[in-house]
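A.B. asks: Attaching a single structure in structure tokens format; questions to follow.
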Amino acid sequence: MKRLKHITLLTATLIALAIGCKDEKLNPYVPPQGNAHGFGQFTSQYDNTTLLPQFGNNQFYDQTAIDRVVFFDGNATAANQSVPFQLQWQSIDNRIKIATIELYVEYFETYTDAARNPKTANHGGPTREELGSINASKAPGVFWKSIPAGDARVSQAINITGDDVYSLYQNNTFDYDGAGPNPPVNIFTGHPYNAATGFNRSTAATRFLPNRTYTIPGVGDVALAADAFRINWRLIADDGTAYASWSPSVCSSVVGATCFGQWRVASNIFNPRVTVTRESGAKAALKAGDVTTLTMTYAIPNIATSVPVSAPTVAIGAITGFTGSRGTLGTVTPGSSPNVYTVT
């Protein structure tokens with residue numbers, strides 16, 4: 001009996017020692033960490049209301065849809081025109097509290113080399129693809145500013161202007177000559193083809209450019225895409241932990257999660273275009289007493305045809321060398337379909 005008692009005490013002691021000396025580092029179980037991600041949306045510059053992507057309509061991030069209604073206006077002379085953006089943070093498991101959001105901006109300049117090759121210069125440093133899918137220590141682009149994060153799922157308004165981008169990149173240099181003998185130059189004032197092609201970015205109205213065609217003297221024309229920009233972010237939790245973005249598949253294929261917002265420079269996006277037709281069998285030339293009807297069909301490219309276009313003002317222009325009556329116009333009236341007008 002005494003022997004059994006000793007064995008029992010020894011066993012209990014060994015168990016106590018085993019439990020008391022357990023090394024937690026050797027435990028294969030790793031408690032899952034919380035998570036947080038950002039959800040950025042543009043506000044359509046067409047109606048100043050529609051959000052892209054729309055969370056309620058289960059929309060994914062769609063760059064084509066954004067390019068139709070969000071842009072720096074290439075016709076504007078003021079560099080302080082802004083692109084409206086909003087950003088919120090979310091924590092699916094509600095274990096994270098984000099305190100601050102850091103914002104970063106990338107600038108993609110399109111240019112041509114002397115051999116008429118279209119090129120793109122990324123002035124923001126390593127891209128998201130180069131940094132890797134998840135890299136919380138560095139967001140793509142140049143640091144712009146930090147903003148308070150606010151509460152979860154509450155969007156913070158962010159308006160970024162051409163002046164904002166310029167202030168970040170005004171001292172940047174770039175080697176447009178590649179392997180050639182010329183050194184890097186300032187990207188706004190020192191472009192090597194400024195003098196030859198009017199590729200002038202030294203004024204506020206010409207710093208950022210839309211789609212365009214340049215002529216390289218002695219070489220020919222080159223078509224260039226518009227300059228583009230991206231806003232990226234890092235989410236900083238109240239304990240100092242940084243959260244970047246998910247993998248590219250999540251950024252474009254999960255409702256309520258985005259990794260960046262991208263826009264471009266564009267011109268004449270919302271200007272309506274008109275097609276004018278006359279009634280069938282119309283005479284090639286009209287004489288006194290003849291009547292003809294014009295049908296004017298309006299459309300705004302890339303915008304839904306249901307968007308209304310106001311009735312146009314129509315007038316009969318002067319005819320060189322003709323001093324007689326040019327006829328009269330009736331009232332412009334709506335046609336049988338939206339954005340169609342007729343006048344007799």
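Labels for the structure tokens follow display order: chains A, B, ..., residues from 1 in each chain, ligands from 1.
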Write out as a count of residues only which residues come within 9 Å of Asp163 of chain A when counting only C-alpha atoms, dropping same-chain ones fewer than 2 positions away.

C.D. replies: 11

A.B. asks: Could you write out, as an MDAnalysis selection string, all the residues of segment 81-123 of chain A that DSSP marks as strand (DSSP E)?

C.D. replies: chainID A and resid 82:90 98:112 118:122

A.B. asks: Distance atom CA of Asn186 of chain A-atom CA of Pro118 of chain A, one decimal place?

C.D. replies: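 Spanning atom CA of Asn186 of chain A to atom CA of Pro118 of chain A is a straight-line distance of 19.2 Å.
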
A.B. asks: Report as a PyMOL selection string: the residues of segment 51-125 of chain A with a DSSP assignment of alpha helix (DSSP H), based on the backbone of this structure.

C.D. replies: chain A and resi 63-69

A.B. asks: At a cut-off of 7 Å, using only C-alpha atoms, what residues contact segment 153-156 of chain A? Leave out same-chain residues fewer than 5 positions from it and give the result as a PyMOL selection string.

C.D. replies: chain A and resi 86-90

A.B. asks: Create the file for the chosen residues now, containing N, CA and C atoms and written as a tab-separated table (two decimals), in the first residue's frame.

C.D. replies:
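again.tsv, written as the output of this step:
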```tsv
chain	number	residue	atom	x	y	z
A	86	GLN	N	-13.89	58.57	-51.33
A	86	GLN	CA	-14.17	58.32	-49.92
A	86	GLN	C	-13.67	56.94	-49.55
A	87	LEU	N	-13.27	56.80	-48.28
A	87	LEU	CA	-12.62	55.57	-47.84
A	87	LEU	C	-13.09	55.21	-46.44
A	88	GLN	N	-13.38	53.95	-46.23
A	88	GLN	CA	-13.75	53.45	-44.92
A	88	GLN	C	-12.96	52.18	-44.62
A	89	TRP	N	-12.86	51.87	-43.34
A	89	TRP	CA	-12.20	50.62	-42.96
A	89	TRP	C	-13.24	49.67	-42.39
A	90	GLN	N	-12.95	48.39	-42.53
A	90	GLN	CA	-13.85	47.36	-42.04
A	90	GLN	C	-13.03	46.25	-41.36
```

A.B. asks: How many Å separate atom CA of Gly190 of chain A from atom CA of Leu224 of chain A?

C.D. replies: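 Interatomic distance, atom CA of Gly190 of chain A to atom CA of Leu224 of chain A: 19.0 Å.
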
A.B. asks: Could you tell me how far atom CA of Thr275 of chain A lies from atom CA of Asp67 of chain A, in Å and to one decimal?

C.D. replies: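 Atom CA of Asp67 of chain A lies 24.4 Å from atom CA of Thr275 of chain A.
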
A.B. asks: Find the residue from A:Ala242, A:Ala315, A:Leu52, A:Ile101 that sits nearest to Gly327 of chain A; use only C-alpha atoms when measuring.

C.D. replies: A:Ala315
